[in-house]
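Structure file run-v8.tsv; described as TSV, C-alpha atoms.
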chain	number	residue	atom	x	y	z
A	260	LEU	CA	-12.60	-1.35	-14.28
A	261	THR	CA	-13.59	-3.64	-11.45
A	262	SER	CA	-15.16	-2.44	-8.21
A	263	PRO	CA	-13.35	-3.90	-5.21
A	264	LYS	CA	-14.84	-6.79	-3.26
A	265	PRO	CA	-13.85	-7.83	0.28
A	266	GLY	CA	-10.50	-9.61	0.18
A	267	ASP	CA	-9.33	-7.96	-3.05
A	268	LEU	CA	-5.83	-6.54	-3.31
A	269	ILE	CA	-5.73	-2.84	-4.16
A	270	GLU	CA	-2.72	-1.48	-6.04
A	271	ILE	CA	-2.31	2.29	-5.61
A	272	PHE	CA	-0.04	4.04	-8.10
A	273	ARG	CA	2.25	6.43	-6.25
A	274	PHE	CA	4.96	8.54	-7.81
A	275	GLY	CA	7.78	6.05	-8.41
A	276	TYR	CA	6.28	2.96	-6.77
A	277	GLU	CA	3.04	1.15	-5.94
A	278	HIS	CA	1.40	1.01	-2.51
A	279	TRP	CA	-0.78	-2.01	-1.68
A	280	ALA	CA	-3.80	-2.43	0.57
A	281	ILE	CA	-6.48	-5.05	1.11
A	282	TYR	CA	-10.12	-4.16	0.64
A	283	VAL	CA	-12.27	-5.12	3.65
A	284	GLY	CA	-15.63	-3.67	2.55
A	285	ASN	CA	-17.73	-0.52	2.93
A	286	GLY	CA	-15.05	1.61	1.30
A	287	TYR	CA	-12.29	0.60	3.75
A	288	VAL	CA	-8.85	-0.93	3.26
A	289	VAL	CA	-6.26	-2.29	5.66
A	290	HIS	CA	-2.61	-1.47	4.96
A	291	PRO	CA	0.75	-0.91	6.64
A	292	ALA	CA	1.56	2.78	7.11
A	293	PRO	CA	4.42	4.78	8.61
A	294	THR	CA	4.60	4.79	12.38
A	295	PRO	CA	3.51	8.07	14.05
A	296	GLU	CA	7.18	9.06	14.42
A	297	ALA	CA	7.78	8.63	10.70
A	298	ALA	CA	4.60	10.52	9.83
A	299	ARG	CA	5.96	13.56	11.68
A	300	GLY	CA	8.87	13.50	9.25
A	301	GLY	CA	11.75	13.66	11.71
A	302	VAL	CA	15.03	11.91	11.10
A	303	SER	CA	14.23	9.29	13.75
A	304	GLY	CA	10.82	8.74	12.16
A	305	PHE	CA	12.37	8.31	8.73
A	306	SER	CA	14.76	5.70	10.08
A	307	SER	CA	11.83	4.02	11.82
A	308	VAL	CA	10.13	3.21	8.50
A	309	VAL	CA	13.29	2.45	6.58
A	310	GLY	CA	14.68	0.81	9.71
A	311	ASN	CA	11.87	-1.70	9.96
A	312	ARG	CA	8.54	-0.73	11.58
A	313	ALA	CA	5.07	0.16	10.28
A	314	ILE	CA	1.62	0.33	11.85
A	315	VAL	CA	-1.38	-1.43	10.33
A	316	LYS	CA	-4.29	0.94	9.70
A	317	LYS	CA	-7.88	0.63	8.55
A	318	GLU	CA	-8.80	3.69	6.53
A	319	LEU	CA	-11.12	4.71	3.73
A	320	LEU	CA	-9.69	3.76	0.36
A	321	SER	CA	-10.42	7.31	-0.80
A	322	MET	CA	-8.17	8.70	1.95
A	323	VAL	CA	-5.36	6.21	1.38
A	324	ALA	CA	-5.35	6.71	-2.39
A	325	GLY	CA	-5.83	10.47	-2.28
A	326	ARG	CA	-5.55	11.66	-5.88
A	327	ASP	CA	-3.56	8.62	-6.96
A	328	LYS	CA	-5.10	6.10	-9.33
A	329	TYR	CA	-5.73	2.60	-8.09
A	330	ARG	CA	-7.06	-0.72	-9.27
A	331	VAL	CA	-8.03	-4.18	-8.05
A	332	ASN	CA	-5.03	-6.40	-8.74
A	333	ASN	CA	-5.31	-10.03	-7.68
A	334	LYS	CA	-2.44	-10.92	-9.99
A	335	ASN	CA	-1.29	-13.99	-8.05
A	336	ASP	CA	-4.67	-15.78	-7.97
A	337	LYS	CA	-3.79	-18.14	-10.84
A	338	LYS	CA	-0.64	-19.32	-9.11
A	339	TYR	CA	-1.86	-19.25	-5.48
A	340	ASN	CA	-5.43	-19.97	-4.40
A	341	PRO	CA	-6.86	-17.08	-2.41
A	342	LEU	CA	-8.25	-17.76	1.03
A	343	PRO	CA	-12.02	-17.28	1.46
A	344	PRO	CA	-12.89	-13.55	1.51
A	345	ASN	CA	-14.35	-13.68	5.04
A	346	LYS	CA	-11.11	-15.22	6.35
A	347	ILE	CA	-8.97	-12.62	4.53
A	348	VAL	CA	-11.04	-9.77	6.00
A	349	GLN	CA	-11.04	-11.33	9.47
A	350	GLN	CA	-7.24	-11.71	9.46
A	351	ALA	CA	-6.78	-8.15	8.13
A	352	GLU	CA	-9.07	-6.70	10.82
A	353	LYS	CA	-7.10	-8.53	13.54
A	354	MET	CA	-3.92	-6.77	12.37
A	355	VAL	CA	-5.32	-3.23	12.69
A	356	GLY	CA	-3.42	-1.18	15.26
A	357	LYS	CA	-0.49	-3.58	15.42
A	358	GLU	CA	3.08	-2.56	14.74
A	359	VAL	CA	4.62	-4.88	12.16
A	360	PRO	CA	8.06	-5.39	10.62
A	361	TYR	CA	8.67	-3.25	7.54
A	362	SER	CA	11.40	-3.63	4.95
A	363	LEU	CA	11.32	-2.47	1.35
A	364	THR	CA	12.81	-5.77	0.24
A	365	SER	CA	11.24	-8.40	2.49
A	366	ASP	CA	8.29	-6.99	4.51
A	367	ASN	CA	6.71	-4.25	2.42
A	368	CYS	CA	3.02	-3.44	1.85
A	369	GLU	CA	2.72	-5.90	-1.04
A	370	HIS	CA	4.19	-8.71	1.07
A	371	PHE	CA	1.67	-7.81	3.80
A	372	VAL	CA	-1.43	-8.02	1.60
A	373	THR	CA	-0.39	-11.12	-0.36
A	374	LYS	CA	0.25	-12.94	2.92
A	375	LEU	CA	-3.32	-12.08	3.99
A	376	ARG	CA	-4.87	-13.11	0.66
A	377	HIS	CA	-2.80	-16.18	-0.20
A	378	GLY	CA	-0.94	-17.16	2.95
A	379	VAL	CA	2.27	-16.48	0.99
A	380	SER	CA	4.37	-13.33	1.23
A	381	LEU	CA	5.10	-12.03	-2.30
A	382	SER	CA	6.26	-8.79	-3.91
A	383	GLY	CA	6.73	-8.50	-7.65
A	384	GLN	CA	7.73	-4.85	-7.46
A	385	VAL	CA	10.73	-5.64	-5.26
A	386	ALA	CA	12.05	-8.26	-7.67
A	387	GLY	CA	11.82	-5.78	-10.55
A	388	ARG	CA	13.26	-2.82	-8.67
A	389	VAL	CA	16.14	-4.64	-7.00
A	390	SER	CA	17.26	-6.09	-10.31
A	391	SER	CA	17.05	-2.62	-11.88
A	392	GLY	CA	20.13	-1.47	-10.02
A	393	VAL	CA	21.37	0.22	-6.90
A	394	GLN	CA	20.57	3.78	-7.95
A	395	GLU	CA	16.87	3.08	-8.43
A	396	GLN	CA	16.76	1.03	-5.25
A	397	GLY	CA	18.44	3.89	-3.39
A	398	THR	CA	15.83	6.31	-4.71
A	399	LEU	CA	13.07	3.98	-3.58
A	400	VAL	CA	14.63	3.69	-0.13
A	401	MET	CA	15.02	7.45	0.23
A	402	LEU	CA	11.66	8.53	-1.18
A	403	GLY	CA	9.33	5.60	-0.51
A	404	PRO	CA	8.47	6.47	3.13
A	405	PHE	CA	7.90	10.12	2.21
A	406	PHE	CA	5.44	9.30	-0.57
A	407	LEU	CA	3.80	6.52	1.42
A	408	HIS	CA	2.16	8.94	3.83
A	409	LYS	CA	-0.84	10.85	2.45
A	410	ASP	CA	-0.03	14.05	4.41
A	411	ASN	CA	3.23	14.43	2.49
A	412	ARG	CA	1.47	14.21	-0.89
A	413	LYS	CA	-0.41	17.47	-0.25
A	414	HIS	CA	2.88	19.29	-0.84
A	415	MET	CA	3.26	17.83	-4.33
A	416	SER	CA	1.56	18.81	-7.52
A	417	PHE	CA	2.11	17.42	-10.97
A	418	PRO	CA	1.36	19.91	-13.75
A	419	GLY	CA	-0.73	18.44	-16.49
A	420	GLN	CA	-1.88	15.54	-14.37
A	421	ALA	CA	-5.16	14.29	-15.81
A	422	ASP	CA	-8.29	14.21	-13.71
A	423	PRO	CA	-8.63	10.93	-11.89
A	424	SER	CA	-10.71	8.17	-13.44
A	425	PRO	CA	-13.94	7.06	-11.73
A	426	TYR	CA	-11.85	4.51	-9.82
A	427	SER	CA	-9.32	7.08	-8.68
A	428	ALA	CA	-10.06	8.61	-5.34
A	429	ARG	CA	-10.48	12.35	-4.94
A	430	VAL	CA	-9.83	13.97	-1.62
A	431	ALA	CA	-9.23	17.54	-0.56
A	432	LEU	CA	-6.09	17.47	1.57

Just give me the structure as structure tokens.
Amino acid sequence: LTSPKPGDLIEIFRFGYEHWAIYVGNGYVVHPAPTPEAARGGVSGFSSVVGNRAIVKKELLSMVAGRDKYRVNNKNDKKYNPLPPNKIVQQAEKMVGKEVPYSLTSDNCEHFVTKLRHGVSLSGQVAGRVSSGVQEQGTLVMLGPFFLHKDNRKHMSFPGQADPSPYSARVAL
């Protein structure tokens, strides 16, 4: 397993989908997260995330990943040249605190990080999920924002889940 370097894309394996962040160094990542209204879990907050808004946060990778496994995944580097790491990090840091458009199909977390790394907005998971059918897409729409926020994961446990690997983050929630 590869240790992340500044500018690397981090794929975090959530239950039913992948969350993406960009590594900016010293254990931190930048990623789109639910707006404060959505994090509180109200109906209006839920529609805020599904409806189209997220806030860009800089947080410790260990806190973003929680108990979920993650890996460095620069899968598009052969097709698209990555920008220099210092430029990627600089652009990511400028986005912190900003509210950005959010859509599961056109402006999701993977689109956000690939735009920073390559200057091109891409999401392989959307292409696969949308073509898988409406039922799966509906499940993703309904559950994605809930699982995206780390505070909601503390209510979930998965019997028999193996201990995280050295590259999985452990956090007491």

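Distances here use all atoms listed in the file; by that measure, the residue among A:Asp366, A:Glu318, A:Lys328, A:Arg376 closest to A:Gly266 is A:Arg376.
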
> For A:Val283, which residue out of A:Leu319, A:Val355, A:Val331, A:Val348 is the nearest one, using only C-alpha atoms?
Replying inline: A:Val348

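Pairwise distance (atom CA of A:Ala351, atom CA of A:Pro293) equals 17.1 Å.
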
>> One decimal, in Å: what's the spacing between atom CA of A:Pro360 and atom CA of A:Val379?
In response: 15.8 Å

Report as a tab-separated table: every residue of stretch 285-360 of chain A with an atom at most 7 Å from stretch 272-280 of chain A, its closest pair of atoms, and their distance in Å to one decimal, counting all atoms listed in the file, with rows sorted by chain and ascending residue number.
residue	atom	partner	partner_atom	distance
A:Val288	CA	A:Ala280	CA	5.9
A:Val289	CA	A:Ala280	CA	5.7
A:His290	CA	A:Ala280	CA	4.6
A:Asp327	CA	A:Phe272	CA	5.9
A:Lys328	CA	A:Phe272	CA	5.6
A:Tyr329	CA	A:Phe272	CA	5.9

>> Considering all atoms listed in the file, can you say which of A:Lys374, A:Gly284, A:Ser262, A:Lys316 comes closest to A:Asn345?
In response: A:Gly284

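Coordinates place atom CA of A:Gly378 at a distance of 11.6 Å from atom CA of A:Asp336.
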
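Using only C-alpha atoms, the residues found no farther than 12 Å from A:Leu381, other than those of its own chain fewer than 3 positions away, are Trp279, Asn333, Lys334, Asn335, Asp336, Lys338, Tyr339, Leu363, Thr364, Ser365, Asp366, Asn367, Cys368, Glu369, His370, Phe371, Val372, Thr373, Lys374, Leu375, Arg376, His377, Gly378, Gln384, Val385 and Ala386 of chain A.
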